[in-house]
Every structure is written in C-alpha cells, then in structure tokens.
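Source file: start_18.cif (mmCIF, C-alpha atoms)
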```cif
data_start
loop_
_atom_site.label_atom_id
_atom_site.label_comp_id
_atom_site.auth_asym_id
_atom_site.auth_seq_id
_atom_site.Cartn_x
_atom_site.Cartn_y
_atom_site.Cartn_z
CA MET L 135 -26.44 18.90 -5.65
CA SER L 136 -25.89 15.33 -4.57
CA ASP L 137 -28.45 12.73 -5.42
CA SER L 138 -29.66 10.12 -2.94
CA ARG L 139 -27.59 7.39 -4.59
CA ASP L 140 -24.37 9.37 -4.15
CA ILE L 141 -25.31 10.08 -0.54
CA ARG L 142 -26.05 6.40 0.13
CA PHE L 143 -22.67 5.26 -1.19
CA MET L 144 -20.76 8.10 0.47
CA ALA L 145 -22.37 7.06 3.76
CA LEU L 146 -20.81 3.62 3.25
CA ALA L 147 -17.44 5.27 2.64
CA LEU L 148 -17.94 7.27 5.85
CA GLY L 149 -18.48 3.99 7.67
CA GLN L 150 -15.08 2.88 6.41
CA ALA L 151 -13.60 6.20 7.58
CA GLN L 152 -15.05 5.65 11.05
CA ALA L 153 -13.42 2.20 11.13
CA ALA L 154 -10.10 3.86 10.27
CA ALA L 155 -10.51 6.33 13.14
CA ALA L 156 -11.32 3.51 15.55
CA ALA L 157 -8.07 1.82 14.47
CA GLY L 158 -6.05 5.01 15.01
CA GLU L 159 -5.66 5.71 11.30
CA ALA L 160 -6.59 8.97 9.55
CA PRO L 161 -10.36 8.63 9.00
CA ILE L 162 -10.60 8.26 5.26
CA GLY L 163 -12.74 5.61 3.61
CA ALA L 164 -13.34 4.53 0.03
CA ILE L 165 -15.66 2.17 -1.79
CA ILE L 166 -15.84 1.09 -5.41
CA VAL L 167 -19.24 0.45 -6.95
CA ASP L 168 -20.40 -1.13 -10.19
CA PRO L 169 -22.98 1.40 -11.44
CA ALA L 170 -24.71 -1.27 -13.56
CA THR L 171 -25.70 -3.24 -10.47
CA ASP L 172 -25.01 -0.81 -7.58
CA LYS L 173 -22.95 -3.61 -6.04
CA VAL L 174 -19.96 -2.68 -3.88
CA ILE L 175 -16.86 -4.27 -5.45
CA GLY L 176 -14.27 -3.00 -2.96
CA ALA L 177 -14.32 -1.18 0.38
CA ALA L 178 -11.36 -0.01 2.45
CA HIS L 179 -10.04 2.59 4.83
CA ASN L 180 -6.66 4.14 5.45
CA MET L 181 -4.13 1.67 6.85
CA PRO L 182 -0.61 3.05 6.34
CA ILE L 183 0.24 2.73 10.04
CA ALA L 184 -1.07 -0.81 10.47
CA ARG L 185 0.47 -2.03 7.22
CA HIS L 186 3.71 -0.07 7.57
CA ASP L 187 3.00 1.08 4.03
CA PRO L 188 2.83 4.73 2.96
CA SER L 189 0.77 3.71 -0.08
CA ALA L 190 -1.99 2.08 2.01
CA HIS L 191 -4.46 4.90 1.46
CA ALA L 192 -8.15 4.00 1.36
CA GLU L 193 -8.32 4.55 -2.41
CA ILE L 194 -5.33 2.33 -3.17
CA LEU L 195 -6.60 -0.48 -0.96
CA ALA L 196 -10.11 -0.28 -2.47
CA LEU L 197 -8.63 -0.39 -5.99
CA ARG L 198 -6.55 -3.45 -5.06
CA LEU L 199 -9.58 -5.26 -3.62
CA ALA L 200 -11.73 -4.47 -6.66
CA GLY L 201 -8.99 -5.55 -9.06
CA GLU L 202 -8.51 -8.84 -7.22
CA LYS L 203 -12.25 -9.47 -7.09
CA LEU L 204 -12.70 -8.80 -10.80
CA GLY L 205 -9.41 -10.35 -11.90
CA ASN L 206 -8.47 -7.21 -13.80
CA TYR L 207 -6.34 -4.15 -13.10
CA ARG L 208 -8.64 -2.09 -15.31
CA LEU L 209 -11.74 -1.03 -13.47
CA THR L 210 -13.26 0.76 -16.43
CA GLY L 211 -16.65 2.26 -15.76
CA LEU L 212 -16.69 1.62 -12.03
CA GLU L 213 -17.26 4.41 -9.53
CA MET L 214 -15.18 5.34 -6.51
CA PHE L 215 -16.62 7.11 -3.48
CA VAL L 216 -14.03 8.51 -1.09
CA THR L 217 -14.49 10.76 1.93
CA LEU L 218 -11.60 13.14 1.17
CA GLU L 219 -10.32 14.64 -2.06
CA PRO L 220 -7.64 12.21 -3.30
CA CYS L 221 -3.94 13.06 -3.18
CA ALA L 222 -1.70 12.94 -6.26
CA MET L 223 -0.69 9.30 -5.65
CA CYS L 224 -4.31 8.19 -5.42
CA ALA L 225 -5.38 10.33 -8.38
CA GLY L 226 -2.71 8.62 -10.46
CA ALA L 227 -3.91 5.18 -9.39
CA ILE L 228 -7.53 6.12 -10.12
CA SER L 229 -6.48 7.23 -13.60
CA HIS L 230 -4.44 4.07 -14.26
CA ALA L 231 -7.36 1.89 -13.11
CA ARG L 232 -9.68 3.70 -15.55
CA ILE L 233 -12.30 4.47 -12.88
CA GLY L 234 -15.29 5.95 -14.68
CA ARG L 235 -16.45 8.32 -11.96
CA LEU L 236 -14.90 9.69 -8.79
CA VAL L 237 -17.13 11.07 -6.02
CA TYR L 238 -15.44 12.65 -3.02
CA GLY L 239 -16.60 14.27 0.19
CA ALA L 240 -14.45 16.93 1.82
CA SER L 241 -12.05 19.09 -0.16
CA ASP L 242 -8.38 18.99 0.79
CA PRO L 243 -6.73 22.32 -0.05
CA LYS L 244 -3.40 21.16 1.44
CA GLY L 245 -3.02 17.63 0.05
CA GLY L 246 -5.76 17.19 -2.53
CA ALA L 247 -4.89 16.78 -6.19
CA ILE L 248 -8.28 16.96 -7.93
CA ALA L 249 -9.60 20.48 -7.30
CA HIS L 250 -6.43 21.65 -5.53
CA GLY L 251 -2.66 21.36 -5.91
CA PRO L 252 -1.63 19.72 -9.17
CA ARG L 253 -5.21 19.15 -10.40
CA PHE L 254 -4.04 15.80 -11.69
CA PHE L 255 -6.88 15.09 -14.11
CA ASP L 256 -6.38 18.48 -15.81
CA GLN L 257 -2.77 17.71 -16.74
CA SER L 258 -1.94 16.94 -20.39
CA THR L 259 0.05 13.91 -19.18
CA CYS L 260 -3.06 12.34 -17.61
CA HIS L 261 -4.25 9.60 -19.95
CA TRP L 262 -7.62 8.81 -18.33
CA ARG L 263 -9.95 11.28 -16.66
CA PRO L 264 -12.95 10.09 -14.67
CA GLY L 265 -16.04 12.16 -14.21
CA VAL L 266 -15.72 13.97 -10.88
CA THR L 267 -18.31 15.03 -8.31
CA GLY L 268 -17.05 16.72 -5.16
CA GLY L 269 -18.69 17.79 -1.94
CA VAL L 270 -20.95 14.80 -1.25
CA LEU L 271 -21.41 14.64 2.53
CA ALA L 272 -18.50 17.05 2.73
CA ASP L 273 -19.50 18.48 6.11
CA GLU L 274 -19.75 15.03 7.69
CA SER L 275 -16.42 13.95 6.18
CA ALA L 276 -14.66 17.13 7.29
CA ALA L 277 -16.14 16.92 10.80
CA LEU L 278 -14.86 13.36 11.24
CA LEU L 279 -11.37 14.43 10.19
CA LYS L 280 -11.41 17.49 12.45
CA ARG L 281 -12.58 15.47 15.49
CA PHE L 282 -9.91 12.84 14.89
CA PHE L 283 -7.01 15.26 14.55
CA ARG L 284 -8.24 17.50 17.39
CA ALA L 285 -8.24 14.45 19.70
CA ARG L 286 -4.76 13.43 18.53
CA ARG L 287 -3.35 16.89 19.29
CA GLY L 288 -4.97 16.53 22.70
#
```
What would you get if you wrote out this structure as structure tokens?
Amino acid sequence: MSDSRDIRFMALALGQAQAAAAAGEAPIGAIIVDPATDKVIGAAHNMPIARHDPSAHAEILALRLAGEKLGNYRLTGLEMFVTLEPCAMCAGAISHARIGRLVYGASDPKGGAIAHGPRFFDQSTCHWRPGVTGGVLADESAALLKRFFRARRG
C-alpha cells in the first residue's frame, strides 16, 4: 500500500513523464527527494533522443542534477521516485549513487532490472542496495506509456 507521501512525489515524477511525452521522448520521469526535508533535489525526464545520448534516461539525468546541486556523487539517504521500473544501467547508477530508497510506478517485465530480468539489487556483485517500493501509481504510469506508444505506432 502506498502512502500519501509516496503518491505525492510519484505524481511529480508523472509530471516529468508527461513532459517527456510532449517532447516526443518515452514518457518516463524521475525525481530525487531529500527525505529529511521533503525537498526535491533533482527532477528529469527521458531525453536520449534530444541529447543524442543513450544514457539520458530520466534516472541518470536526475542523479546528475542532484549530484551537481549537492556537490557530491554520493547521494546517500536520498530517495528516487521513477515512473517505470529501472533498467540495468539505471539500477547500477542508483546503486553507485547510494540512493537510500527507490520508489517506482509501473513494472517493466521486458526491460526492468529490479523485480524482473537481472534483479540487479539481488546480485552478490551489487555493493549498495536501496530499499525498494514498487507499484506506486503504477496504473497511471502504465497508461501514459501505453497511450504514448499506441500513438507512435499509429
């Protein structure tokens, strides 16, 4: 069961995902929050097309913004809210950044790496494992993705 705080922050991530869709990018959004203050430290959406950068996923961009803002590549104890289950690349970056808690919306059986695929945080080679909560505003996140890709297939 999601609490109202998780829902509030996931709604902000969904806003980022909607901005991605409006820009023609896959509608995935991420925000990073300091749980001590509930202040948003970084917010981003997918931009691999616009940036000509396959690593420009919402999670990576939000991590970069938060790191720059705090002047530290370690984001220990911060929380990330992302609308889709992170892929292996993003899970690795989340681990390296020492994010304290990951909250995601829709599951991604094909490309996800948290509850699906490699289950990155369960691997013995993973040095840092955040707490994980999945399924927050999952229906809304999944519906946005489905609408976007349905329209693209035309």
Test item: which residues lie within 9 Å of (-2.2, 16.6, -8.1) counting all atoms listed in the file, as a ChimeraX atom specification: /L:220-223,225-226,245-257
Interatomic distance (Å, one decimal) between atom CA of L:Glu213 and atom CA of L:Gly234: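 Between atom CA of L:Glu213 and atom CA of L:Gly234 the gap works out to 5.7 Å.
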One-decimal distance in Å that lies between atom CA of L:Ala178 and atom CA of L:Gly163: 5.9 Å
With all atoms listed in the file as the counted atoms, please give the residues lying no more than 12 Å from L:Ala156, apart from itself and same-chain residues fewer than 3 positions off, as a compact mmCIF listing (two decimals) with C-alpha atoms, in the coordinates of the input.
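The result, written out as around.txt:
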```txt
# COMPACT_ATOMS: atom_id res chain seq x y z
CA GLY L 149 -18.48 3.99 7.67
CA GLN L 150 -15.08 2.88 6.41
CA ALA L 151 -13.60 6.20 7.58
CA GLN L 152 -15.05 5.65 11.05
CA ALA L 153 -13.42 2.20 11.13
CA GLU L 159 -5.66 5.71 11.30
CA ALA L 160 -6.59 8.97 9.55
CA PRO L 161 -10.36 8.63 9.00
CA ILE L 162 -10.60 8.26 5.26
CA HIS L 179 -10.04 2.59 4.83
CA ASN L 180 -6.66 4.14 5.45
CA MET L 181 -4.13 1.67 6.85
CA LEU L 278 -14.86 13.36 11.24
CA PHE L 282 -9.91 12.84 14.89
```
Atom CA of L:Trp262 to atom CA of L:Ser229 measures 5.1 Å
Nearest candidate to L:Ala277 (options L:Ser241, L:Ala196, L:Ala177, L:Tyr207; using only C-alpha atoms):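 Selected residue with least distance to L:Ala277: L:Ser241.
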So, with all atoms listed in the file as the atoms that count, which of L:Ala227, L:Leu148, L:Leu279, L:Ile141 lies closest to L:Ser189?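 Looking at the shortest contact to L:Ser189, the residue is L:Ala227.
Proximity of L:His186, L:Arg263, L:Lys244, L:Lys203 to L:Ile228, computed with all atoms listed in the file, is greatest for L:Arg263.
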Once the PyMOL selection byres ((chain L and resi 238) around 8) has been evaluated on this model, what residues remain selected, and can you format them as a PDB file with C-alpha atoms, in the frame of the given file?
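And here's part_11.pdb as it stands now:
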```pdb
ATOM      1  CA  MET L 144     -20.760   8.100   0.470  1.00  0.00           C
ATOM      2  CA  PHE L 215     -16.620   7.110  -3.480  1.00  0.00           C
ATOM      3  CA  VAL L 216     -14.030   8.510  -1.090  1.00  0.00           C
ATOM      4  CA  THR L 217     -14.490  10.760   1.930  1.00  0.00           C
ATOM      5  CA  LEU L 218     -11.600  13.140   1.170  1.00  0.00           C
ATOM      6  CA  GLU L 219     -10.320  14.640  -2.060  1.00  0.00           C
ATOM      7  CA  PRO L 220      -7.640  12.210  -3.300  1.00  0.00           C
ATOM      8  CA  LEU L 236     -14.900   9.690  -8.790  1.00  0.00           C
ATOM      9  CA  VAL L 237     -17.130  11.070  -6.020  1.00  0.00           C
ATOM     10  CA  GLY L 239     -16.600  14.270   0.190  1.00  0.00           C
ATOM     11  CA  ALA L 240     -14.450  16.930   1.820  1.00  0.00           C
ATOM     12  CA  SER L 241     -12.050  19.090  -0.160  1.00  0.00           C
ATOM     13  CA  VAL L 266     -15.720  13.970 -10.880  1.00  0.00           C
ATOM     14  CA  THR L 267     -18.310  15.030  -8.310  1.00  0.00           C
ATOM     15  CA  GLY L 268     -17.050  16.720  -5.160  1.00  0.00           C
ATOM     16  CA  GLY L 269     -18.690  17.790  -1.940  1.00  0.00           C
ATOM     17  CA  VAL L 270     -20.950  14.800  -1.250  1.00  0.00           C
ATOM     18  CA  ALA L 272     -18.500  17.050   2.730  1.00  0.00           C
TER      19      ALA L 272
END
```
